[in-house]
Amino acid sequence: MKFIVSSTYLLKQLQVLGGVINNSNTLPILDNFLFELNHSKLTISASDLETTMASTIDVESDSEGSIALPARLLLDTLKTFPEQPLTFVVEDNNTVEISSNHGKYALAYADGAEFPNAVSVEDASTTTIMGDILATAISKTIFAAGNDDLRPVMSGVFFQFSQDNLTFVATDAHKLVKYSRADVSATETAEFIMPKKPLNLLKGILAGNENDVLVEYNDSNAKFTFKNSVLICRLIDGKYPNYEAVIPKENPNKLVIDRTQFLNSVRRVSIFSNKTTHQIRLKIAGAELNISAEDIDYSNKAEERLSCDYQGDDMQIGFNSRFLTEMINNLNSDNVQLEMSLPNRAGILTPIDGLDEGEHLTMLVMPVMLNN
């Protein structure tokens, strides 16, 4: 088995696939990349048993075979090469010899047959979605997903496909984000929960990608096929909480404010907040928003006044500044709207502008109790 490939082209593919590999694996074979050569097509795979990703690249070769090569060693070596052709030759003594313009390097390899096979997604439903739209949907929601091992269903992003739209939801019980696209739809209604790791991989690869992604899914697995790559992952088992029930429908108090100004103000004031609660207070009266925070233990406090457009009753409401900052940060509009009903009901944050047609985004943040 022998092939010739460009060093930077190979490195670029391996760096993407390297994101699948865990730092500590139960099976030693999972510390490797699987190389499957079929004449001029080389398919490289990486897996952690839950998620498997494979990319096919063009190489110069007329042989066939499959071997598993140590991922870390290969990546570290490739990073040091300038752009040049590398020749990989499988020798008899269980090593692969890599020849560059300046030298030769030998790595021990494992038999490719030991590598676990990727799951096949049978009886799958399919949807096609543009790469960039999928990447946007992931990045707008994934930050709100939880990290609690006791509630695994909330540690992923909920995909809800219907003939009218595609909806993506994430929540950790303190904040919730719902992102939907009315300009994309599925052939049949379906819902499943995607884990964070494969989503982060997709987000990185598909950002700015105009190509279509084929999404195939059944009850237990999902498969994403795009350009020359395939990603298959196991879905999170369980029923997603009824998120519609927690979104307050009647919100008579509406605040519209410049996003950047609001974000910077919250960031500054929150430095003075209590280090465990991160609590900041929003006091709204007339066209003025007063943002304040106090850390009684250290006698630190801060207060800022901003002008805003407000319709509703005067009110005071407390929020965790970290959640609020994270949410405003994930919007890219010039102005945002915060809708509220009561100081103990969730606030709803929505962008006023900057959305495509058919794009809807709702963020919900739970208040914290104010101690007067």
# chains A, B, ... in the order shown; residues from 1 in each chain; ligands from 1

call {"tool": "residues_around", "arguments": {"residues": "range 336-350 of chain A", "least_positions_apart": "4", "cutoff": "7 Å", "atoms": "only C-alpha atoms", "output": "list in words"}}
result
Glu250, Asn251, Pro252, Asn253, Lys254, Leu255, Val256, Ile257, Asp258, Arg259, Gln316, Ile317, Leu361, Thr362, Met363, Leu364, Val365, Met366 and Pro367 of chain A

call {"tool": "select_by_dssp", "arguments": {"residues": "range 309-338 of chain A", "states": "helix (DSSP H, G or I)", "output": "list in words"}}
result
Ser321, Arg322, Phe323, Leu324, Thr325, Glu326, Met327, Ile328 and Asn329 of chain A

call {"tool": "write_last_selection", "arguments": {"atoms": "N, CA and C atoms", "output": "PDB file, in the first residue's frame"}}
result
ATOM      1  N   SER A 321     -26.108  38.131  35.516  1.00  0.00           N
ATOM      2  CA  SER A 321     -25.438  38.899  34.455  1.00  0.00           C
ATOM      3  C   SER A 321     -24.703  38.011  33.451  1.00  0.00           C
ATOM      4  N   ARG A 322     -24.237  36.828  33.916  1.00  0.00           N
ATOM      5  CA  ARG A 322     -23.514  35.957  32.983  1.00  0.00           C
ATOM      6  C   ARG A 322     -24.434  35.453  31.888  1.00  0.00           C
ATOM      7  N   PHE A 323     -25.664  35.053  32.272  1.00  0.00           N
ATOM      8  CA  PHE A 323     -26.616  34.567  31.272  1.00  0.00           C
ATOM      9  C   PHE A 323     -27.004  35.688  30.315  1.00  0.00           C
ATOM     10  N   LEU A 324     -27.258  36.866  30.890  1.00  0.00           N
ATOM     11  CA  LEU A 324     -27.697  37.996  30.078  1.00  0.00           C
ATOM     12  C   LEU A 324     -26.601  38.389  29.068  1.00  0.00           C
ATOM     13  N   THR A 325     -25.357  38.445  29.547  1.00  0.00           N
ATOM     14  CA  THR A 325     -24.222  38.802  28.677  1.00  0.00           C
ATOM     15  C   THR A 325     -24.089  37.804  27.535  1.00  0.00           C
ATOM     16  N   GLU A 326     -24.169  36.518  27.898  1.00  0.00           N
ATOM     17  CA  GLU A 326     -24.016  35.453  26.902  1.00  0.00           C
ATOM     18  C   GLU A 326     -25.070  35.577  25.797  1.00  0.00           C
ATOM     19  N   MET A 327     -26.293  35.883  26.216  1.00  0.00           N
ATOM     20  CA  MET A 327     -27.384  35.957  25.247  1.00  0.00           C
ATOM     21  C   MET A 327     -27.274  37.186  24.348  1.00  0.00           C
ATOM     22  N   ILE A 328     -26.985  38.350  24.951  1.00  0.00           N
ATOM     23  CA  ILE A 328     -26.877  39.569  24.127  1.00  0.00           C
ATOM     24  C   ILE A 328     -25.700  39.413  23.163  1.00  0.00           C
ATOM     25  N   ASN A 329     -24.660  38.750  23.644  1.00  0.00           N
ATOM     26  CA  ASN A 329     -23.461  38.525  22.844  1.00  0.00           C
ATOM     27  C   ASN A 329     -23.739  37.663  21.614  1.00  0.00           C
TER      28      ASN A 329
END

call {"tool": "closest_atom_pairs", "arguments": {"of": "range 195-312 of chain A", "to": "range 127-143 of chain A", "cutoff": "6 Å", "atoms": "only C-alpha atoms", "output": "JSON lines"}}
result
{"residue": "A:Lys203", "atom": "CA", "partner": "A:Ala135", "partner_atom": "CA", "distance": 4.6}
{"residue": "A:Leu206", "atom": "CA", "partner": "A:Gly131", "partner_atom": "CA", "distance": 5.1}
{"residue": "A:Ala207", "atom": "CA", "partner": "A:Asp132", "partner_atom": "CA", "distance": 5.2}
{"residue": "A:Gly208", "atom": "CA", "partner": "A:Asp132", "partner_atom": "CA", "distance": 5.0}
{"residue": "A:Asn209", "atom": "CA", "partner": "A:Asp132", "partner_atom": "CA", "distance": 5.0}
{"residue": "A:Glu210", "atom": "CA", "partner": "A:Gly131", "partner_atom": "CA", "distance": 5.8}
{"residue": "A:Asn211", "atom": "CA", "partner": "A:Gly131", "partner_atom": "CA", "distance": 5.7}
{"residue": "A:Asp212", "atom": "CA", "partner": "A:Met130", "partner_atom": "CA", "distance": 4.3}
{"residue": "A:Val213", "atom": "CA", "partner": "A:Ile129", "partner_atom": "CA", "distance": 5.3}
{"residue": "A:Leu214", "atom": "CA", "partner": "A:Thr128", "partner_atom": "CA", "distance": 4.6}
{"residue": "A:Val215", "atom": "CA", "partner": "A:Thr127", "partner_atom": "CA", "distance": 5.2}

call {"tool": "residues_around", "arguments": {"residues": "Leu14 in chain A", "least_positions_apart": "3", "cutoff": "12 Å", "atoms": "only C-alpha atoms", "output": "ChimeraX atom specification"}}
result
/A:7-11,17-21,32-35,43-46,53-57,69-79,229

call {"tool": "select_by_dssp", "arguments": {"residues": "range 39-99 of chain A", "states": "strand (DSSP E)", "output": "ChimeraX atom specification"}}
result
/A:41-47,51-58,64-70,85-90,95-99

call {"tool": "closest_residue", "arguments": {"among": "A:Ser61, A:Ser155, A:Thr87, A:Ser273", "to": "Ser40 in chain A", "atoms": "only C-alpha atoms"}}
result
A:Ser61

call {"tool": "residues_around", "arguments": {"residues": "range 276-289 of chain A", "least_positions_apart": "3", "cutoff": "7 Å", "atoms": "only C-alpha atoms", "output": "list in words"}}
result
Ser270, Ser273, Ser292, Ala293, Arg305, Leu306, Ser307, Cys308, Asp309, Tyr310, Asp314, Met315, Gln316, Ile317, Gly318, Phe319, Asn320, Ser321 and Arg322 of chain A

call {"tool": "write_last_selection", "arguments": {"atoms": "N, CA and C atoms", "output": "short mmCIF file (atom, residue, chain, number, x, y, z; two decimals), in the first residue's frame"}}
result
data_model
loop_
_atom_site.label_atom_id
_atom_site.label_comp_id
_atom_site.auth_asym_id
_atom_site.auth_seq_id
_atom_site.Cartn_x
_atom_site.Cartn_y
_atom_site.Cartn_z
N SER A 270 -21.55 44.31 35.96
CA SER A 270 -21.50 42.96 36.56
C SER A 270 -20.17 42.68 37.26
N SER A 273 -20.78 42.88 40.82
CA SER A 273 -21.85 42.07 41.40
C SER A 273 -21.28 40.99 42.32
N SER A 292 -27.85 48.24 37.87
CA SER A 292 -27.00 48.34 39.07
C SER A 292 -26.64 46.96 39.59
N ALA A 293 -25.55 46.91 40.36
CA ALA A 293 -25.12 45.67 41.00
C ALA A 293 -24.45 46.04 42.30
N ARG A 305 -26.81 54.51 33.96
CA ARG A 305 -28.10 54.90 33.39
C ARG A 305 -28.01 54.90 31.87
N LEU A 306 -29.03 54.32 31.24
CA LEU A 306 -29.06 54.33 29.77
C LEU A 306 -30.43 54.84 29.33
N SER A 307 -30.46 55.53 28.19
CA SER A 307 -31.78 55.91 27.68
C SER A 307 -32.29 54.78 26.79
N CYS A 308 -33.58 54.55 26.84
CA CYS A 308 -34.15 53.43 26.09
C CYS A 308 -35.55 53.81 25.64
N ASP A 309 -36.14 52.94 24.86
CA ASP A 309 -37.52 53.14 24.43
C ASP A 309 -38.33 52.12 25.22
N TYR A 310 -39.19 52.57 26.13
CA TYR A 310 -39.90 51.62 27.00
C TYR A 310 -41.39 51.89 27.01
N ASP A 314 -43.61 50.88 35.31
CA ASP A 314 -42.28 50.93 35.94
C ASP A 314 -42.03 49.60 36.63
N MET A 315 -40.81 49.07 36.48
CA MET A 315 -40.54 47.80 37.17
C MET A 315 -39.07 47.60 37.49
N GLN A 316 -38.84 46.68 38.44
CA GLN A 316 -37.49 46.28 38.79
C GLN A 316 -37.42 44.77 38.62
N ILE A 317 -36.35 44.31 37.99
CA ILE A 317 -36.20 42.86 37.78
C ILE A 317 -34.72 42.52 37.89
N GLY A 318 -34.42 41.35 38.44
CA GLY A 318 -33.02 40.94 38.61
C GLY A 318 -32.67 39.81 37.65
N PHE A 319 -31.45 39.85 37.10
CA PHE A 319 -30.99 38.76 36.23
C PHE A 319 -29.59 38.34 36.62
N ASN A 320 -29.23 37.11 36.25
CA ASN A 320 -27.85 36.66 36.37
C ASN A 320 -27.09 37.30 35.20
N SER A 321 -26.11 38.13 35.52
CA SER A 321 -25.44 38.90 34.46
C SER A 321 -24.70 38.01 33.45
N ARG A 322 -24.24 36.83 33.92
CA ARG A 322 -23.51 35.96 32.98
C ARG A 322 -24.43 35.45 31.89
#

call {"tool": "atom_distance", "arguments": {"atom1": "CA of Arg267 in chain A", "atom2": "CA of Ile291 in chain A"}}
result
10.5 Å
